[in-house]
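Worksheet for the structure shown next.
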Amino acid sequence: MEQSLTLLVLDLVGCFVFALSGGLMAVRKELDIFGVIVLACVTGLGGGFLRDMAIGATPVAALSDWRYLVVPMAAGLLTFFFHPALGRLEPMVNVFDALGLGLFVIAGAVKALDFGLSPLAAAVMGLATGVGGGALRDVLTGRVPIILRRSVFYAIPAFAGASVAAFGLFAHVPNSLAMAAAFIVCSGWRLLAMWRHWEAPLPRGSASV
């Protein structure tokens, strides 16, 4: 019961934070109120939807629990009506986005372990939970997904945090300790990468092949 409640809280908080980023993207693309809400929901729910489909957790949480729909819709409406203030606070929103990433990868890894996946597979599911919604958001708005352009910011810390959670819990490390370590690794890495402006290596030489 306690672990289920923890998973629900991690999912919903991460969903809200990610939905804010999707709503801001929709406002910048000059979408109408319906478009803002849809993009907020896709960003907030996309990763969890992909995870649940992959591990056979059907009906997926986004469709079986009304709270998963209300939270991103509320974030979308909040962004639509108050986007000037949220835009000015974007550095803080980016910080919350980094924290949301840490929450999502833990939730994904924990749920995958609960469904009997190996620690490595659970880490992959944690990664998918963390980056799936953002990737769908970028595709819908015509951008190369940020996980492919700035992997040091997203994909690498997400997989590292998910791995810490999955292997820690599998090794029977106390839940709170494993989750705290995973959160620090994932969110701390991403915040440090933002602060230090880290970039992954790019191919050298001409791009023509």
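Going by the structure tokens order, chains are called A, B, ..., each with residues numbered from 1, while ligands are numbered from 1 in the order shown.
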Determine which residues of region 29-197 of chain A receive a DSSP assignment of alpha helix (DSSP H), computed from the backbone, and state them as number ranges by chain. A: 33-55, 61-64, 66-88, 90-114, 119-140, 146-149, 155-170, 175-196
Contacts of Arg143 (chain A) at 12 Å or less, counting only C-alpha atoms, minus same-chain residues fewer than 6 places along, as number ranges by chain? A: 25, 29, 134-137, 149
Would you put the residues from that selection into a file with all heavy atoms, as a PDB file, in the first residue's frame?
ATOM      1  N   MET A  25       5.427  25.098 -24.454  1.00  0.00           N
ATOM      2  CA  MET A  25       5.806  24.871 -25.841  1.00  0.00           C
ATOM      3  C   MET A  25       4.632  25.155 -26.774  1.00  0.00           C
ATOM      4  O   MET A  25       4.788  25.777 -27.837  1.00  0.00           O
ATOM      5  CB  MET A  25       6.283  23.436 -26.022  1.00  0.00           C
ATOM      6  CG  MET A  25       6.631  23.068 -27.458  1.00  0.00           C
ATOM      7  SD  MET A  25       8.076  23.946 -28.070  1.00  0.00           S
ATOM      8  CE  MET A  25       9.336  23.137 -27.078  1.00  0.00           C
ATOM      9  N   LYS A  29       4.204  27.954 -29.808  1.00  0.00           N
ATOM     10  CA  LYS A  29       3.846  27.557 -31.172  1.00  0.00           C
ATOM     11  C   LYS A  29       2.509  28.162 -31.596  1.00  0.00           C
ATOM     12  O   LYS A  29       1.991  27.859 -32.665  1.00  0.00           O
ATOM     13  CB  LYS A  29       3.777  26.032 -31.266  1.00  0.00           C
ATOM     14  CG  LYS A  29       5.125  25.336 -31.135  1.00  0.00           C
ATOM     15  CD  LYS A  29       6.025  25.629 -32.331  1.00  0.00           C
ATOM     16  CE  LYS A  29       7.332  24.880 -32.231  1.00  0.00           C
ATOM     17  NZ  LYS A  29       8.197  25.085 -33.425  1.00  0.00           N
ATOM     18  N   GLY A 134       8.346  14.025 -23.452  1.00  0.00           N
ATOM     19  CA  GLY A 134       9.060  15.119 -24.096  1.00  0.00           C
ATOM     20  C   GLY A 134       9.367  14.829 -25.552  1.00  0.00           C
ATOM     21  O   GLY A 134       9.313  15.723 -26.408  1.00  0.00           O
ATOM     22  N   ALA A 135       9.689  13.561 -25.862  1.00  0.00           N
ATOM     23  CA  ALA A 135       9.960  13.182 -27.246  1.00  0.00           C
ATOM     24  C   ALA A 135       8.703  13.337 -28.107  1.00  0.00           C
ATOM     25  O   ALA A 135       8.764  13.861 -29.229  1.00  0.00           O
ATOM     26  CB  ALA A 135      10.484  11.751 -27.307  1.00  0.00           C
ATOM     27  N   LEU A 136       7.569  12.886 -27.578  1.00  0.00           N
ATOM     28  CA  LEU A 136       6.306  13.043 -28.313  1.00  0.00           C
ATOM     29  C   LEU A 136       5.966  14.517 -28.504  1.00  0.00           C
ATOM     30  O   LEU A 136       5.494  14.924 -29.571  1.00  0.00           O
ATOM     31  CB  LEU A 136       5.185  12.323 -27.567  1.00  0.00           C
ATOM     32  CG  LEU A 136       5.262  10.800 -27.538  1.00  0.00           C
ATOM     33  CD1 LEU A 136       4.171  10.238 -26.625  1.00  0.00           C
ATOM     34  CD2 LEU A 136       5.132  10.218 -28.936  1.00  0.00           C
ATOM     35  N   ARG A 137       6.195  15.327 -27.483  1.00  0.00           N
ATOM     36  CA  ARG A 137       5.951  16.770 -27.581  1.00  0.00           C
ATOM     37  C   ARG A 137       6.775  17.381 -28.712  1.00  0.00           C
ATOM     38  O   ARG A 137       6.257  18.157 -29.526  1.00  0.00           O
ATOM     39  CB  ARG A 137       6.333  17.434 -26.256  1.00  0.00           C
ATOM     40  CG  ARG A 137       6.309  18.956 -26.245  1.00  0.00           C
ATOM     41  CD  ARG A 137       7.168  19.487 -25.118  1.00  0.00           C
ATOM     42  NE  ARG A 137       8.575  19.134 -25.298  1.00  0.00           N
ATOM     43  CZ  ARG A 137       9.462  19.050 -24.311  1.00  0.00           C
ATOM     44  NH1 ARG A 137       9.089  19.292 -23.065  1.00  0.00           N
ATOM     45  NH2 ARG A 137      10.713  18.742 -24.569  1.00  0.00           N
ATOM     46  N   ARG A 149      19.295  15.657 -29.126  1.00  0.00           N
ATOM     47  CA  ARG A 149      20.148  16.833 -29.324  1.00  0.00           C
ATOM     48  C   ARG A 149      20.955  17.185 -28.075  1.00  0.00           C
ATOM     49  O   ARG A 149      22.038  17.740 -28.167  1.00  0.00           O
ATOM     50  CB  ARG A 149      19.290  18.044 -29.708  1.00  0.00           C
ATOM     51  CG  ARG A 149      18.583  17.919 -31.033  1.00  0.00           C
ATOM     52  CD  ARG A 149      17.785  19.157 -31.373  1.00  0.00           C
ATOM     53  NE  ARG A 149      16.592  19.287 -30.530  1.00  0.00           N
ATOM     54  CZ  ARG A 149      16.413  20.234 -29.629  1.00  0.00           C
ATOM     55  NH1 ARG A 149      17.347  21.136 -29.406  1.00  0.00           N
ATOM     56  NH2 ARG A 149      15.302  20.282 -28.921  1.00  0.00           N
TER      57      ARG A 149
END
Which polymer residues have any atom within 6 Å of an atom of region 41-46 of chain A, counting only C-alpha atoms, with same-chain residues fewer than 5 positions away left out, as an mmCIF file with all heavy atoms, in the first residue's frame?
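As a result, result17.cif now contains:
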data_model
loop_
_atom_site.group_PDB
_atom_site.id
_atom_site.type_symbol
_atom_site.label_atom_id
_atom_site.label_comp_id
_atom_site.auth_asym_id
_atom_site.auth_seq_id
_atom_site.Cartn_x
_atom_site.Cartn_y
_atom_site.Cartn_z
ATOM 1 N N CYS A 15 4.035 14.231 -13.678
ATOM 2 C CA CYS A 15 3.102 14.522 -14.764
ATOM 3 C C CYS A 15 2.765 16.008 -14.821
ATOM 4 O O CYS A 15 2.753 16.612 -15.894
ATOM 5 C CB CYS A 15 1.837 13.683 -14.573
ATOM 6 S SG CYS A 15 0.565 13.950 -15.798
ATOM 7 N N PHE A 18 5.897 18.076 -16.047
ATOM 8 C CA PHE A 18 6.155 17.890 -17.465
ATOM 9 C C PHE A 18 5.061 18.531 -18.308
ATOM 10 O O PHE A 18 5.321 19.062 -19.383
ATOM 11 C CB PHE A 18 6.255 16.396 -17.782
ATOM 12 C CG PHE A 18 7.640 15.838 -17.573
ATOM 13 C CD1 PHE A 18 8.518 16.417 -16.674
ATOM 14 C CD2 PHE A 18 8.060 14.734 -18.280
ATOM 15 C CE1 PHE A 18 9.785 15.908 -16.477
ATOM 16 C CE2 PHE A 18 9.336 14.210 -18.094
ATOM 17 C CZ PHE A 18 10.195 14.802 -17.197
ATOM 18 N N ALA A 19 3.813 18.466 -17.828
ATOM 19 C CA ALA A 19 2.710 19.074 -18.570
ATOM 20 C C ALA A 19 2.884 20.585 -18.677
ATOM 21 O O ALA A 19 2.517 21.185 -19.696
ATOM 22 C CB ALA A 19 1.378 18.736 -17.892
ATOM 23 N N GLY A 22 5.105 21.196 -21.585
ATOM 24 C CA GLY A 22 4.372 20.990 -22.832
ATOM 25 C C GLY A 22 3.429 22.139 -23.133
ATOM 26 O O GLY A 22 3.306 22.567 -24.287
ATOM 27 N N PRO A 72 -2.691 16.835 -15.838
ATOM 28 C CA PRO A 72 -2.103 17.553 -16.967
ATOM 29 C C PRO A 72 -3.061 18.560 -17.607
ATOM 30 O O PRO A 72 -2.617 19.584 -18.145
ATOM 31 C CB PRO A 72 -1.716 16.441 -17.949
ATOM 32 C CG PRO A 72 -2.596 15.305 -17.596
ATOM 33 C CD PRO A 72 -2.810 15.387 -16.121
ATOM 34 N N GLY A 132 9.808 9.891 -22.637
ATOM 35 C CA GLY A 132 8.817 9.605 -23.668
ATOM 36 C C GLY A 132 7.889 10.769 -23.974
ATOM 37 O O GLY A 132 7.649 11.095 -25.141
ATOM 38 N N GLY A 133 7.376 11.420 -22.929
ATOM 39 C CA GLY A 133 6.452 12.530 -23.153
ATOM 40 C C GLY A 133 7.115 13.700 -23.851
ATOM 41 O O GLY A 133 6.536 14.307 -24.758
ATOM 42 N N GLY A 134 8.346 14.025 -23.452
ATOM 43 C CA GLY A 134 9.060 15.119 -24.096
ATOM 44 C C GLY A 134 9.367 14.829 -25.552
ATOM 45 O O GLY A 134 9.313 15.723 -26.408
ATOM 46 N N ARG A 137 6.195 15.327 -27.483
ATOM 47 C CA ARG A 137 5.951 16.770 -27.581
ATOM 48 C C ARG A 137 6.775 17.381 -28.712
ATOM 49 O O ARG A 137 6.257 18.157 -29.526
ATOM 50 C CB ARG A 137 6.333 17.434 -26.256
ATOM 51 C CG ARG A 137 6.309 18.956 -26.245
ATOM 52 C CD ARG A 137 7.168 19.487 -25.118
ATOM 53 N NE ARG A 137 8.575 19.134 -25.298
ATOM 54 C CZ ARG A 137 9.462 19.050 -24.311
ATOM 55 N NH1 ARG A 137 9.089 19.292 -23.065
ATOM 56 N NH2 ARG A 137 10.713 18.742 -24.569
#
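Contact shell of Ala61 (chain A) at 8 Å (only C-alpha atoms; same-chain neighbours under 4 positions omitted): Gly48, Phe49, Asp52, Ala57, Asp65 and Tyr68 of chain A.
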Proximity of region 168-206 of chain A to region 108-115 of chain A: per-residue shortest pair, 12 Å limit, only C-alpha atoms, as CSV:
residue,atom,partner,partner_atom,distance
A:Gly168,CA,A:Val110,CA,10.4
A:Leu169,CA,A:Val110,CA,8.0
A:Phe170,CA,A:Leu113,CA,7.8
A:Ala171,CA,A:Leu113,CA,11.6
A:His172,CA,A:Leu113,CA,11.9
A:Asn175,CA,A:Val110,CA,9.8
A:Ser176,CA,A:Val110,CA,12.0
A:Ala178,CA,A:Val110,CA,10.5
A:Met179,CA,A:Val110,CA,9.2
A:Ala182,CA,A:Ala109,CA,10.2
A:Phe183,CA,A:Ala109,CA,11.9
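In this structure, CA of Ser187 (chain A) sits 9.6 Å away from CA of Phe153 (chain A).
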From A:Val9, A:Leu86, A:Val95, A:Leu50, residue lying nearest Arg190 (chain A) [only C-alpha atoms]: A:Val95
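Remark: for Leu101 (chain A), the closest of the candidate residues A:Ala160, A:Met73, A:Leu5, A:Val27 is A:Ala160 (distances computed over only C-alpha atoms).
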